[in-house]
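Here's input.txt, which has compact mmCIF, C-alpha atoms and all ligand atoms:
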# COMPACT_ATOMS: atom_id res chain seq x y z
CA MET A 1338 -22.84 18.23 -8.86
CA ALA A 1339 -22.85 14.89 -7.06
CA PRO A 1340 -23.82 14.98 -3.38
CA ILE A 1341 -20.88 14.58 -1.04
CA LEU A 1342 -21.28 12.21 1.89
CA ALA A 1343 -18.75 11.73 4.67
CA ASP A 1344 -18.46 8.20 6.03
CA ASN A 1345 -15.20 8.75 7.84
CA ASN A 1346 -16.95 9.76 11.06
CA LYS A 1347 -19.79 7.31 10.89
CA PRO A 1348 -20.22 5.33 14.12
CA LYS A 1349 -18.59 1.94 13.97
CA LEU A 1350 -21.01 -0.95 13.54
CA PRO A 1351 -21.20 -3.09 16.68
CA GLU A 1352 -19.60 -5.99 14.81
CA MET A 1353 -16.64 -3.83 13.81
CA ASP A 1354 -15.32 -3.84 17.39
CA ASP A 1355 -15.67 -7.62 17.44
CA TYR A 1356 -13.72 -7.89 14.22
CA VAL A 1357 -10.97 -5.67 15.58
CA LYS A 1358 -10.96 -7.59 18.88
CA ASN A 1359 -10.81 -11.03 17.33
CA GLY A 1360 -8.47 -9.85 14.61
CA ARG A 1361 -10.75 -10.87 11.72
CA VAL A 1362 -10.97 -8.78 8.58
CA HIS A 1363 -14.15 -6.72 8.47
CA VAL A 1364 -16.00 -7.13 5.19
CA GLU A 1365 -18.95 -4.76 5.20
CA ASN A 1366 -21.07 -6.19 2.39
CA PRO A 1367 -24.35 -7.97 3.21
CA HIS A 1368 -24.61 -9.30 -0.34
CA LEU A 1369 -21.56 -11.54 0.03
CA ASP A 1370 -23.32 -13.89 2.45
CA LEU A 1371 -26.06 -14.49 -0.13
CA MET A 1372 -23.63 -15.70 -2.80
CA SER A 1373 -23.06 -19.44 -3.17
CA GLU A 1374 -19.65 -18.81 -4.72
CA ASP A 1375 -17.26 -15.85 -4.79
CA ILE A 1376 -14.97 -15.68 -7.81
CA LEU A 1377 -11.93 -13.48 -7.22
CA TYR A 1378 -11.68 -12.86 -10.94
CA HIS A 1379 -8.45 -10.81 -11.10
CA PHE A 1380 -6.61 -13.35 -8.92
CA ASP A 1381 -8.01 -16.37 -10.79
CA LEU A 1382 -9.08 -17.80 -7.42
CA GLY A 1383 -12.51 -18.66 -6.04
CA THR A 1384 -14.29 -20.07 -3.00
CA LYS A 1385 -15.52 -23.18 -4.89
CA THR A 1386 -12.40 -23.87 -6.92
CA HIS A 1387 -9.82 -23.29 -4.17
CA ASN A 1388 -9.57 -24.16 -0.49
CA LEU A 1389 -8.77 -20.61 0.63
CA PRO A 1390 -8.52 -21.37 4.40
CA SER A 1391 -5.96 -24.09 3.74
CA MET A 1392 -4.03 -22.01 1.18
CA PHE A 1393 -4.00 -18.73 3.11
CA GLY A 1394 -5.30 -19.31 6.68
CA ASP A 1395 -1.83 -18.86 8.22
CA VAL A 1396 -1.13 -15.46 6.55
CA LYS A 1397 -0.14 -12.80 9.09
CA PHE A 1398 1.63 -10.23 6.89
CA VAL A 1399 0.62 -8.99 3.47
CA CYS A 1400 3.08 -6.86 1.51
CA VAL A 1401 1.84 -5.13 -1.61
CA GLY A 1402 3.80 -3.19 -4.21
CA GLY A 1403 3.40 -1.98 -7.79
CA SER A 1404 5.61 -4.28 -9.80
CA PRO A 1405 5.25 -8.08 -10.18
CA ASN A 1406 9.05 -8.55 -10.39
CA ARG A 1407 9.67 -6.54 -7.25
CA MET A 1408 7.06 -8.52 -5.33
CA LYS A 1409 8.58 -11.82 -6.49
CA ALA A 1410 12.01 -10.55 -5.38
CA PHE A 1411 10.50 -9.58 -2.03
CA ALA A 1412 8.97 -13.06 -1.57
CA LEU A 1413 12.37 -14.69 -2.28
CA PHE A 1414 14.13 -12.24 0.06
CA ILE A 1415 11.70 -12.82 2.92
CA HIS A 1416 11.90 -16.59 2.35
CA LYS A 1417 15.64 -16.36 3.01
CA GLU A 1418 15.33 -13.87 5.88
CA LEU A 1419 12.79 -16.05 7.72
CA GLY A 1420 15.01 -19.12 7.23
CA LEU A 1421 12.19 -21.06 5.54
CA GLU A 1422 12.90 -24.51 4.12
CA GLY A 1423 14.51 -24.75 0.67
CA ASP A 1424 16.05 -21.98 -1.40
CA GLY A 1425 12.69 -20.49 -2.37
CA ASN A 1426 13.38 -21.01 -6.06
CA ASP A 1427 10.27 -23.16 -6.38
CA THR A 1428 8.16 -20.15 -5.29
CA THR A 1429 5.41 -19.88 -7.90
CA ASP A 1430 2.92 -17.19 -8.82
CA ILE A 1431 -0.39 -18.15 -7.16
CA CYS A 1432 -2.17 -15.92 -9.72
CA ALA A 1433 -0.41 -17.50 -12.71
CA GLY A 1434 -3.80 -18.03 -14.37
CA THR A 1435 -4.12 -14.28 -14.91
CA ASP A 1436 -1.64 -11.58 -15.84
CA ARG A 1437 -3.42 -8.84 -13.85
CA TYR A 1438 -1.62 -9.35 -10.54
CA SER A 1439 1.12 -11.63 -9.19
CA MET A 1440 0.99 -13.28 -5.77
CA TYR A 1441 3.65 -15.20 -3.87
CA LYS A 1442 3.56 -16.82 -0.44
CA ALA A 1443 6.56 -17.29 1.86
CA GLY A 1444 5.44 -18.85 5.16
CA PRO A 1445 3.09 -16.35 6.86
CA VAL A 1446 3.93 -13.61 4.34
CA LEU A 1447 1.91 -12.91 1.21
CA SER A 1448 3.54 -10.70 -1.42
CA ILE A 1449 1.25 -9.24 -4.10
CA SER A 1450 1.64 -6.76 -6.94
CA HIS A 1451 -1.02 -4.07 -7.42
CA GLY A 1452 -0.03 -2.22 -10.59
CA MET A 1453 -0.02 1.57 -10.84
CA GLY A 1454 -2.64 3.96 -9.57
CA ILE A 1455 -5.79 4.05 -7.46
CA PRO A 1456 -8.10 2.02 -9.75
CA SER A 1457 -5.58 -0.82 -10.05
CA ILE A 1458 -4.79 -1.12 -6.33
CA SER A 1459 -8.46 -0.70 -5.43
CA ILE A 1460 -9.55 -3.74 -7.48
CA MET A 1461 -6.70 -5.78 -5.99
CA LEU A 1462 -7.64 -4.72 -2.43
CA HIS A 1463 -11.32 -5.66 -2.83
CA GLU A 1464 -10.30 -9.17 -3.84
CA LEU A 1465 -7.46 -9.43 -1.31
CA ILE A 1466 -9.69 -8.36 1.60
CA LYS A 1467 -12.34 -10.89 0.55
CA LEU A 1468 -9.62 -13.54 0.22
CA LEU A 1469 -8.43 -12.86 3.81
CA HIS A 1470 -12.07 -12.99 4.95
CA HIS A 1471 -12.85 -16.27 3.16
CA ALA A 1472 -9.56 -17.75 4.41
CA LYS A 1473 -10.52 -16.77 8.02
CA CYS A 1474 -7.19 -15.01 8.54
CA ARG A 1475 -6.65 -13.28 11.89
CA GLY A 1476 -4.41 -10.46 13.05
CA VAL A 1477 -3.16 -9.51 9.59
CA THR A 1478 -0.81 -6.56 9.09
CA ILE A 1479 -0.70 -5.11 5.57
CA ILE A 1480 2.12 -2.92 4.26
CA ARG A 1481 2.49 -1.17 0.91
CA ILE A 1482 6.15 -1.00 -0.08
CA GLY A 1483 6.89 1.22 -3.04
CA THR A 1484 8.61 4.09 -4.75
CA SER A 1485 7.79 7.79 -4.66
CA GLY A 1486 9.06 11.26 -5.42
CA GLY A 1487 10.43 13.10 -2.38
CA ILE A 1488 9.91 16.77 -1.52
CA GLY A 1489 12.87 18.50 0.11
CA ILE A 1490 14.53 15.30 1.26
CA GLU A 1491 17.60 13.35 0.12
CA PRO A 1492 16.83 10.83 -2.68
CA GLY A 1493 16.91 7.32 -1.23
CA THR A 1494 15.19 8.39 2.01
CA VAL A 1495 12.47 5.99 3.13
CA VAL A 1496 9.19 7.67 4.13
CA ILE A 1497 6.74 5.97 6.49
CA THR A 1498 3.35 7.58 5.89
CA ASP A 1499 1.41 8.91 8.86
CA ILE A 1500 -1.47 10.27 6.77
CA ALA A 1501 -2.19 10.03 3.05
CA VAL A 1502 -3.41 13.33 1.64
CA ASP A 1503 -4.94 14.31 -1.70
CA ALA A 1504 -3.68 16.95 -4.14
CA PHE A 1505 -5.26 19.66 -1.94
CA PHE A 1506 -3.40 18.28 1.12
CA ARG A 1507 -6.64 16.97 2.66
CA ALA A 1508 -6.50 13.74 4.68
CA GLN A 1509 -9.31 12.14 2.73
CA PHE A 1510 -10.14 9.93 -0.22
CA GLU A 1511 -13.18 10.59 -2.37
CA GLN A 1512 -14.85 7.40 -3.59
CA VAL A 1513 -17.58 7.82 -6.19
CA ILE A 1514 -20.40 5.35 -5.39
CA LEU A 1515 -23.37 5.37 -7.76
CA ASP A 1516 -24.03 9.11 -8.19
CA LYS A 1517 -22.51 10.21 -4.88
CA VAL A 1518 -19.06 11.17 -3.65
CA VAL A 1519 -18.27 9.40 -0.38
CA VAL A 1520 -15.42 10.92 1.62
CA ARG A 1521 -13.24 8.42 3.47
CA ASN A 1522 -10.62 8.73 6.20
CA THR A 1523 -6.99 8.09 5.13
CA GLU A 1524 -5.27 7.76 8.50
CA LEU A 1525 -2.84 4.90 8.85
CA HIS A 1526 -2.03 2.88 11.96
CA GLN A 1527 0.07 5.22 14.12
CA GLU A 1528 1.48 2.52 16.42
CA LEU A 1529 2.58 0.45 13.43
CA ALA A 1530 4.26 3.52 11.90
CA GLU A 1531 6.12 4.10 15.18
CA ASP A 1532 7.19 0.42 15.36
CA LEU A 1533 8.50 0.65 11.80
CA LEU A 1534 10.41 3.84 12.57
CA ARG A 1535 12.00 2.14 15.61
CA CYS A 1536 13.01 -0.82 13.40
CA SER A 1537 14.57 1.53 10.85
CA LYS A 1538 17.05 2.80 13.45
CA ARG A 1539 18.66 -0.64 13.42
CA ILE A 1540 19.34 -0.55 9.68
CA PRO A 1541 22.46 1.35 8.66
CA GLY A 1542 22.99 2.99 5.27
CA PHE A 1543 19.87 5.08 4.72
CA SER A 1544 17.57 7.39 6.62
CA THR A 1545 13.90 6.84 7.36
CA ILE A 1546 11.40 9.52 8.33
CA VAL A 1547 7.67 9.77 9.08
CA GLY A 1548 5.61 12.25 7.05
CA HIS A 1549 2.49 12.88 5.01
CA THR A 1550 2.29 11.22 1.61
CA MET A 1551 0.44 12.93 -1.22
CA CYS A 1552 -1.48 10.52 -3.44
CA THR A 1553 -2.26 11.67 -6.98
CA TYR A 1554 -4.22 10.34 -9.96
CA ASP A 1555 -1.33 10.83 -12.36
CA PHE A 1556 2.49 10.79 -12.51
CA TYR A 1557 2.93 13.87 -14.76
CA GLU A 1558 0.50 16.81 -14.58
CA GLY A 1559 -1.03 15.37 -11.39
CA GLN A 1560 2.38 15.54 -9.65
CA GLY A 1561 3.31 18.95 -11.10
CA ARG A 1562 5.89 17.59 -13.56
CA LEU A 1563 7.21 19.78 -16.35
CA ASP A 1564 8.24 16.79 -18.52
CA GLY A 1565 4.92 15.18 -19.53
CA ALA A 1566 3.33 15.26 -22.98
CA LEU A 1567 1.12 18.07 -21.69
CA CYS A 1568 2.05 20.92 -19.37
CA SER A 1569 0.20 24.21 -18.91
CA PHE A 1570 2.10 25.64 -15.92
CA SER A 1571 5.50 27.27 -15.34
CA LYS A 1572 8.46 26.05 -13.32
CA GLU A 1573 7.60 28.77 -10.76
CA ASP A 1574 3.99 27.48 -10.47
CA LYS A 1575 5.31 23.96 -9.93
CA LEU A 1576 7.78 25.01 -7.21
CA GLU A 1577 5.18 27.15 -5.46
CA TYR A 1578 2.83 24.12 -5.32
CA LEU A 1579 5.48 21.68 -4.12
CA ASN A 1580 6.69 24.15 -1.48
CA LYS A 1581 3.09 24.51 -0.27
CA ALA A 1582 2.90 20.72 -0.06
CA TYR A 1583 6.13 20.65 1.98
CA ILE A 1584 4.76 23.27 4.40
CA ALA A 1585 1.58 21.16 4.77
CA GLY A 1586 3.82 18.27 5.94
CA VAL A 1587 4.02 16.31 2.67
CA ARG A 1588 7.37 14.54 2.26
CA ASN A 1589 6.64 12.29 -0.71
CA ILE A 1590 4.26 11.75 -3.61
CA GLU A 1591 2.93 8.49 -5.02
CA MET A 1592 -0.26 7.09 -6.54
CA GLU A 1593 -1.95 4.51 -4.29
CA SER A 1594 -1.72 5.43 -0.58
CA SER A 1595 -5.07 7.22 -0.16
CA VAL A 1596 -7.35 4.41 -1.31
CA PHE A 1597 -5.09 1.86 0.39
CA ALA A 1598 -5.40 3.73 3.72
CA ALA A 1599 -9.14 4.26 3.32
CA MET A 1600 -10.00 0.65 2.46
CA CYS A 1601 -7.74 -0.89 5.12
CA HIS A 1602 -9.14 1.49 7.75
CA LEU A 1603 -12.75 0.54 6.92
CA CYS A 1604 -11.94 -3.18 6.93
CA GLY A 1605 -10.11 -3.13 10.28
CA LEU A 1606 -6.69 -3.99 8.83
CA LYS A 1607 -3.54 -2.69 10.53
CA ALA A 1608 -1.89 -0.88 7.62
CA ALA A 1609 1.28 1.03 6.76
CA VAL A 1610 2.81 2.65 3.68
CA VAL A 1611 6.60 2.60 3.34
CA CYS A 1612 8.05 4.16 0.18
CA VAL A 1613 11.55 5.07 -0.87
CA THR A 1614 12.03 8.40 -2.66
CA LEU A 1615 13.74 8.15 -6.06
CA LEU A 1616 14.42 11.88 -6.46
CA ASP A 1617 13.86 15.26 -4.85
CA ARG A 1618 11.06 16.94 -6.81
CA LEU A 1619 12.34 20.39 -5.79
CA GLU A 1620 15.45 19.54 -7.85
CA GLY A 1621 13.85 17.99 -10.94
CA ASP A 1622 11.30 15.70 -12.53
CA GLN A 1623 13.21 13.02 -14.47
CA ILE A 1624 14.29 9.85 -12.73
CA ASN A 1625 17.85 9.75 -14.01
CA GLN A 1626 19.69 7.67 -11.41
CA SER A 1627 21.50 4.58 -12.70
CA HIS A 1628 19.72 1.23 -12.77
CA ASP A 1629 21.94 -0.03 -9.93
CA VAL A 1630 21.19 2.96 -7.70
CA LEU A 1631 17.44 2.59 -8.30
CA LYS A 1632 17.66 -1.14 -7.56
CA GLU A 1633 19.44 -0.45 -4.29
CA TYR A 1634 16.89 2.26 -3.33
CA GLN A 1635 14.00 -0.12 -4.04
CA ALA A 1636 15.51 -2.76 -1.76
CA ARG A 1637 15.39 -0.34 1.22
CA PRO A 1638 11.68 -0.64 2.13
CA GLN A 1639 12.05 -4.43 1.71
CA GLN A 1640 14.94 -4.52 4.20
CA LEU A 1641 12.95 -2.51 6.71
CA ILE A 1642 9.84 -4.69 6.38
CA ALA A 1643 11.91 -7.89 6.62
CA MET A 1644 13.42 -6.60 9.88
CA PHE A 1645 9.95 -5.68 11.18
CA ILE A 1646 8.46 -9.09 10.32
CA LYS A 1647 11.39 -10.95 11.88
CA LYS A 1648 10.94 -8.90 15.04
CA GLN A 1649 7.21 -9.62 15.13
CA LEU A 1650 7.93 -13.35 14.73
CA ASN A 1651 10.61 -13.19 17.45
CA LEU A 1652 13.27 -14.23 14.95
CA CYS A 1653 15.49 -11.36 16.06
CA THR A 1654 15.78 -9.29 19.24
C1 LIG B 1 4.96 5.02 -7.50
O1 LIG B 1 5.56 4.73 -8.65
C2 LIG B 1 4.59 4.47 -9.67
C3 LIG B 1 4.75 5.48 -10.77
O2 LIG B 1 6.03 5.40 -11.33
C4 LIG B 1 3.27 4.54 -8.95
O3 LIG B 1 2.63 3.30 -8.91
C5 LIG B 1 3.63 4.93 -7.60
O4 LIG B 1 2.74 5.07 -6.64
N1 LIG B 2 6.51 7.38 -8.16
C1 LIG B 2 5.73 8.47 -8.24
O1 LIG B 2 4.49 8.35 -8.19
N2 LIG B 2 6.30 9.66 -8.38
C2 LIG B 2 7.63 9.82 -8.45
O2 LIG B 2 8.11 10.95 -8.62
C3 LIG B 2 8.44 8.68 -8.37
C4 LIG B 2 7.86 7.46 -8.23
Please render this file's structure as structure tokens.
Ligand code: R2B
Ligand code: URA
Amino acid sequence: MAPILADNNKPKLPEMDDYVKNGRVHVENPHLDLMSEDILYHFDLGTKTHNLPSMFGDVKFVCVGGSPNRMKAFALFIHKELGLEGDGNDTTDICAGTDRYSMYKAGPVLSISHGMGIPSISIMLHELIKLLHHAKCRGVTIIRIGTSGGIGIEPGTVVITDIAVDAFFRAQFEQVILDKVVVRNTELHQELAEDLLRCSKRIPGFSTIVGHTMCTYDFYEGQGRLDGALCSFSKEDKLEYLNKAYIAGVRNIEMESSVFAAMCHLCGLKAAVVCVTLLDRLEGDQINQSHDVLKEYQARPQQLIAMFIKKQLNLCT
């Protein structure tokens, strides 16, 4: 069995406090400084081919979400909400040279897709964090907006994550590095979560709560679904597991929050996860709401984040 190392409690490097104080992103990789060029391969961007400080130096908010279309829609929405010049229709995909991820910029807001699951978001985050570092960005807040399955709550509820937990309800993420398992902390920024909850009170039409989010490696067996191609457990087993999760404080399930929380925490980024629930998993497994209902649900985290960003930029009281 691979040795298990915990780096969640390791003392912060002296420079870490500086990074947090001056708002810079903390990139903890001594090899980067030795490279004459850094190619951000999955973004089709690089330090020699692009002027990253001039393209991204003013970024203050990064919003990430699974689907390229949703993140384009978010960029157009935020363009309008911030009252930026033009109608936003000329907004282009900065990563058009690759079909791995899509990236849009609207003033100080960067909107990026990350695909589905831990490996996909993890690759995107490595390159995004290096991009923010190369661009010398300061005071960046990063928010994942997404969809999830709820546990014991009304479909359409928005959940702000306080802690991301694994399938055993542990607040940790296990990263395999060489032949070792490194255990990382998955706490999110509590003050940011509270600010977001306060903002949500000003938005009528849906409810927002704070709770634990369970992050899994799979949508079907990994989330206790009975409707995958494979299933070796009973409906009773499933409900017993989901009820245990509820008792442990889990209110929704998705597939990226743990590595997102762990990486942002280590790199000194103020981070939040805000996901709408598409169904109540105690009631079923299939997502059978109409297209219009799902579209309206998916707009909810976007509305909340737009309100938060406007408040941070003093564009509303
Ligand atoms: C939520 O929805 C996706 C699965 O449908 C996954 O990316 C997630 O976290
Ligand atoms: N996304 C998930 O990961 N699970 C759900 O049940 C719904 C959306």
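Here atom CA of A:Thr1523 is placed at a distance of 24.1 Å from atom CA of A:Met1408.
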So for stretch 1387-1400 of chain A, what box centre and size do we get, axis-aligned, 8 Å extra on each of the six sides, every listed atom, Å to one decimal, as JSON?
{"center_x": -3.4, "center_y": -15.5, "center_z": 2.5, "size_x": 28.9, "size_y": 33.3, "size_z": 29.3}
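Put simply, atom CA of A:Val1495 is 10.0 Å away from atom CA of A:Arg1588.
Residue nearest A:Lys1648, chosen from A:Lys1581, A:Lys1572, A:Lys1385, A:Arg1535 and counting all atoms listed in the file: A:Arg1535.
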Could you produce a table of the residues of chain A lying within 6 Å of ligand LIG 1 (chain B), with the nearest pair of atoms per residue and their separation in Å rounded to one decimal, using all atoms listed in the file, ordered by chain and increasing residue number, as a Markdown table?
| residue | atom | partner | partner_atom | distance |
| --- | --- | --- | --- | --- |
| A:Gly1403 | CA | B:LIG1 | O3 | 5.5 |
| A:Met1453 | CA | B:LIG1 | O3 | 3.7 |
| A:Gly1454 | CA | B:LIG1 | O3 | 5.4 |
| A:Thr1484 | CA | B:LIG1 | C1 | 4.7 |
| A:Ser1485 | CA | B:LIG1 | C1 | 4.9 |
| A:Glu1591 | CA | B:LIG1 | O4 | 3.8 |
| A:Met1592 | CA | B:LIG1 | O4 | 3.6 |
| A:Glu1593 | CA | B:LIG1 | O4 | 5.3 |
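Residue nearest ligand LIG 2 (chain B), chosen from A:Gly1486, A:Pro1390, A:Gly1559, A:Gly1383 and counting only C-alpha atoms and all ligand atoms: A:Gly1486.
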